[in-house]
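Take a look at the structure below.
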Amino acid sequence: METIIVRPYGYCSGVQKAIKMVKDLKRQNPEVPVYIYGMLIHNRSAIEELKQIGIITIEKDSTNMENALRTLPRGIMVTTAHGTSEKEVEIIKKLGFTYIDGTCKIVATANKNIKNAINSGMKIIYLGKKNHPEANASISISPVNTIFIQNIEDLDHVALDVNQHYAIAVQTTIPNIEIMKVLDYLSNKHISYDVLDNSCNANSYRQKVLMENIDDADIALIIGDKHSNNSVELYQLAKEKLSKTYFISNVSEIDSQWFDSSTKIALVASGVSSSNEVFEAIITYLKLIK
């Protein structure tokens, strides 16, 4: 069977840096507790691997964060690549933890752009996924100046002011096609706006290559953790084009019954928080299918 590989695959450079950073912190501070506030990346296997070397993931609890952290032995607290609210950072420092900002550079730049837009008098229309940590962190910058939407249907329930200039901010995993729907909607309503540069090339490029090749495939395997929004977006894009699309986290989840005599070409893509090792194990498995 022929395989079409969506490249690049495996961890993006930002995920690689995040994992290396926390491992280096633990290696350099073997006697000090190292915590991650929230999932460093949305990959349960990776989080378990970090746990095995003594790096502890603390589940986010926005309603009772201070009490949840207060009982922990003091040490190093790393916040995740998705961004963290200023209030959460204040609590971490107040409780005496050594604070390490793990925010991805792209997310940090996006949040800086949001602040600048608000300071210049714009209102923010933020397109993202409800309760996603990146969206929560960005919205927390100024909730009163931010309109949160998940799709263009949400805009039908928002009182937009034609005299107000808006800034469009987008969660980094959202496909370009969804962004364009929002921009078209606003243009048709004669709403003036600027689009903030929130794009993550690692995500958008994989989405682009996926869509360029999906029509040539008989089956598609999308690799990622179910908590990984960028992986879910890849799956949803592929599923809309190809009914035989399957979302898996590792090779053990492949069902041989998915493949029959009509299956000649398999397309394989991974989210940015899925490892090279997992991807390559799946490719090896597919090579064994006649």
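So you can find residues: chains in the structure tokens are A, B, ... in the order shown, residues in each start at 1, and ligands are numbered from 1 in order.
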Problem set entry | Distance query Asn111 in chain A at most 9 Å, only C-alpha atoms, self and fewer than 2 positions along chain excluded, as a VMD selection string | chain A and resid 83 106 to 109 113 to 116 137 to 138 141 169 198
Now that the selection is made, can you save its residues with C-alpha atoms as a PDB file, in the first residue's frame?
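Printed below is selection-v1.pdb as written:
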ATOM      1  CA  GLY A  83      -0.441  31.050  27.824  1.00  0.00           C
ATOM      2  CA  ILE A 106       3.727  32.709  18.787  1.00  0.00           C
ATOM      3  CA  VAL A 107       1.060  32.794  21.502  1.00  0.00           C
ATOM      4  CA  ALA A 108       3.019  35.398  23.487  1.00  0.00           C
ATOM      5  CA  THR A 109       3.262  37.629  20.397  1.00  0.00           C
ATOM      6  CA  ASN A 113      -0.873  42.229  19.765  1.00  0.00           C
ATOM      7  CA  ILE A 114      -4.198  41.942  21.581  1.00  0.00           C
ATOM      8  CA  LYS A 115      -2.991  44.267  24.357  1.00  0.00           C
ATOM      9  CA  ASN A 116      -1.738  46.817  21.833  1.00  0.00           C
ATOM     10  CA  ALA A 137      -5.508  33.184  28.549  1.00  0.00           C
ATOM     11  CA  SER A 138      -6.063  35.562  25.619  1.00  0.00           C
ATOM     12  CA  ILE A 141      -6.293  40.123  28.991  1.00  0.00           C
ATOM     13  CA  ALA A 169      -7.744  37.691  17.100  1.00  0.00           C
ATOM     14  CA  ASN A 198      -1.959  35.185  15.395  1.00  0.00           C
TER      15      ASN A 198
END
Could you give me, as a PDB file with N, CA and C atoms, in the first residue's frame, the residues within 8 Å of Ser192 in chain A, counting only C-alpha atoms and dropping anything in the same chain fewer than 5 positions from it?
ATOM      1  N   VAL A 162     -21.239  49.537  14.112  1.00  0.00           N
ATOM      2  CA  VAL A 162     -20.618  49.915  12.837  1.00  0.00           C
ATOM      3  C   VAL A 162     -19.665  51.095  13.008  1.00  0.00           C
ATOM      4  N   GLN A 164     -17.567  51.262  15.577  1.00  0.00           N
ATOM      5  CA  GLN A 164     -16.424  50.741  16.344  1.00  0.00           C
ATOM      6  C   GLN A 164     -15.475  50.005  15.412  1.00  0.00           C
ATOM      7  N   HIS A 165     -14.172  50.221  15.609  1.00  0.00           N
ATOM      8  CA  HIS A 165     -13.167  49.467  14.847  1.00  0.00           C
ATOM      9  C   HIS A 165     -12.740  48.268  15.697  1.00  0.00           C
ATOM     10  N   TYR A 166     -12.781  47.084  15.088  1.00  0.00           N
ATOM     11  CA  TYR A 166     -12.485  45.851  15.801  1.00  0.00           C
ATOM     12  C   TYR A 166     -11.129  45.277  15.377  1.00  0.00           C
ATOM     13  N   LEU A 186     -18.134  39.841   8.557  1.00  0.00           N
ATOM     14  CA  LEU A 186     -17.960  41.213   9.042  1.00  0.00           C
ATOM     15  C   LEU A 186     -17.962  42.213   7.887  1.00  0.00           C
ATOM     16  N   SER A 187     -17.320  41.835   6.794  1.00  0.00           N
ATOM     17  CA  SER A 187     -17.293  42.727   5.622  1.00  0.00           C
ATOM     18  C   SER A 187     -18.694  42.950   5.068  1.00  0.00           C
TER      19      SER A 187
END
Problem set entry | Counting only C-alpha atoms, the residue of A:Met122, A:Lys26, A:Glu277, A:Leu267 that sits nearest Gln52 in chain A | A:Lys26
Problem set entry | Within 10 Å of Phe259 in chain A using only C-alpha atoms, minus same-chain residues under 2 positions, as a list in words |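 Near neighbours after the sequence-gap exclusion: Met1, Asp218, Ile219, Lys244, Ile254, Asp255, Ser256, Gln257, Ser261, Ser262, Thr263, Lys264, Ala266, Leu286, Ile289 and Lys290 of chain A.
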For this session: With a distance cut-off of 7 Å and only C-alpha atoms, select the neighbouring residues of Phe247 in chain A, excluding the residue or stretch itself and same-chain residues fewer than 2 positions from it, and output the selection as a count of residues only.
Result: 5
Exercise. Can you list every residue in range 77-259 of chain A that DSSP puts in helix (DSSP H, G or I), as an MDAnalysis selection string?
Worked result: chainID A and resid 86:94 105:119 133:139 143:145 152:155 176:188 201:216 229:241 251:253 256:258
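Between CA of Lys112 in chain A and CA of Asn230 in chain A there is a distance of 21.8 Å.
Take CA of Ile19 in chain A and CA of Arg70 in chain A: the distance between them is 25.4 Å.
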Exercise. Near range 43-48 of chain A, within 9 Å and counting only C-alpha atoms, which residues show up once chain neighbours fewer than 4 positions away are dropped, as a VMD selection string?
Worked result: chain A and resid 19 39 52 55 to 57 224 to 228 249 273 to 275
For Asn136 in chain A, work out the shell of residues within 12 Å, counting only C-alpha atoms and skipping chain neighbours fewer than 2 positions away, then give it as an mmCIF file with C-alpha atoms, in the first residue's frame.
data_model
loop_
_atom_site.group_PDB
_atom_site.id
_atom_site.type_symbol
_atom_site.label_atom_id
_atom_site.label_comp_id
_atom_site.auth_asym_id
_atom_site.auth_seq_id
_atom_site.Cartn_x
_atom_site.Cartn_y
_atom_site.Cartn_z
ATOM 1 C CA LYS A 60 -5.722 23.731 36.188
ATOM 2 C CA SER A 62 -9.317 28.499 37.829
ATOM 3 C CA HIS A 82 -0.871 27.937 25.693
ATOM 4 C CA GLY A 83 -0.441 31.050 27.824
ATOM 5 C CA THR A 84 -1.506 31.978 31.355
ATOM 6 C CA SER A 85 -3.519 34.847 32.761
ATOM 7 C CA GLU A 86 -1.785 37.608 34.740
ATOM 8 C CA GLU A 88 -2.636 33.114 37.706
ATOM 9 C CA ASN A 111 -1.336 38.229 23.224
ATOM 10 C CA TYR A 126 -11.715 36.460 19.412
ATOM 11 C CA LEU A 127 -12.312 33.289 17.399
ATOM 12 C CA GLY A 128 -11.452 30.163 19.359
ATOM 13 C CA LYS A 129 -12.583 27.046 21.165
ATOM 14 C CA LYS A 130 -14.566 27.360 24.392
ATOM 15 C CA ASN A 131 -12.511 26.590 27.524
ATOM 16 C CA HIS A 132 -9.312 25.983 25.560
ATOM 17 C CA PRO A 133 -6.390 27.224 27.719
ATOM 18 C CA GLU A 134 -4.993 29.412 24.926
ATOM 19 C CA SER A 138 -6.063 35.562 25.619
ATOM 20 C CA ILE A 139 -9.590 36.518 26.685
ATOM 21 C CA SER A 140 -8.376 37.177 30.244
ATOM 22 C CA ILE A 141 -6.293 40.123 28.991
ATOM 23 C CA SER A 142 -9.459 42.237 28.924
ATOM 24 C CA PRO A 143 -12.772 40.351 29.111
ATOM 25 C CA THR A 146 -13.381 41.024 24.099
ATOM 26 C CA PHE A 148 -15.606 35.569 22.155
ATOM 27 C CA VAL A 170 -7.693 33.960 16.466
ATOM 28 C CA GLN A 171 -6.633 30.923 18.463
#
For this session: Could you pull out the residues in range 86-211 of chain A that DSSP calls strand (DSSP E) from the backbone, as a count of residues only?
Result: 20
Seminar exercise, completed: If you count only C-alpha atoms, the residue of A:Ser120, A:Gln236, A:Ser199, A:Ser252 closest to Ile282 in chain A turns out to be A:Ser252
For this session: Quick one: pull the distance between CA of Ile149 in chain A and CA of Gly271 in chain A, Å, one decimal.
Result: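 Atom-to-atom, CA of Ile149 in chain A to CA of Gly271 in chain A, that is 23.4 Å.
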Exercise. Of the residues A:Lys189, A:Lys208, A:Lys287, A:Arg74, which is the one nearest to Asp156 in chain A, using only C-alpha atoms?
Worked result: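 The closest residue to Asp156 in chain A is A:Lys189.
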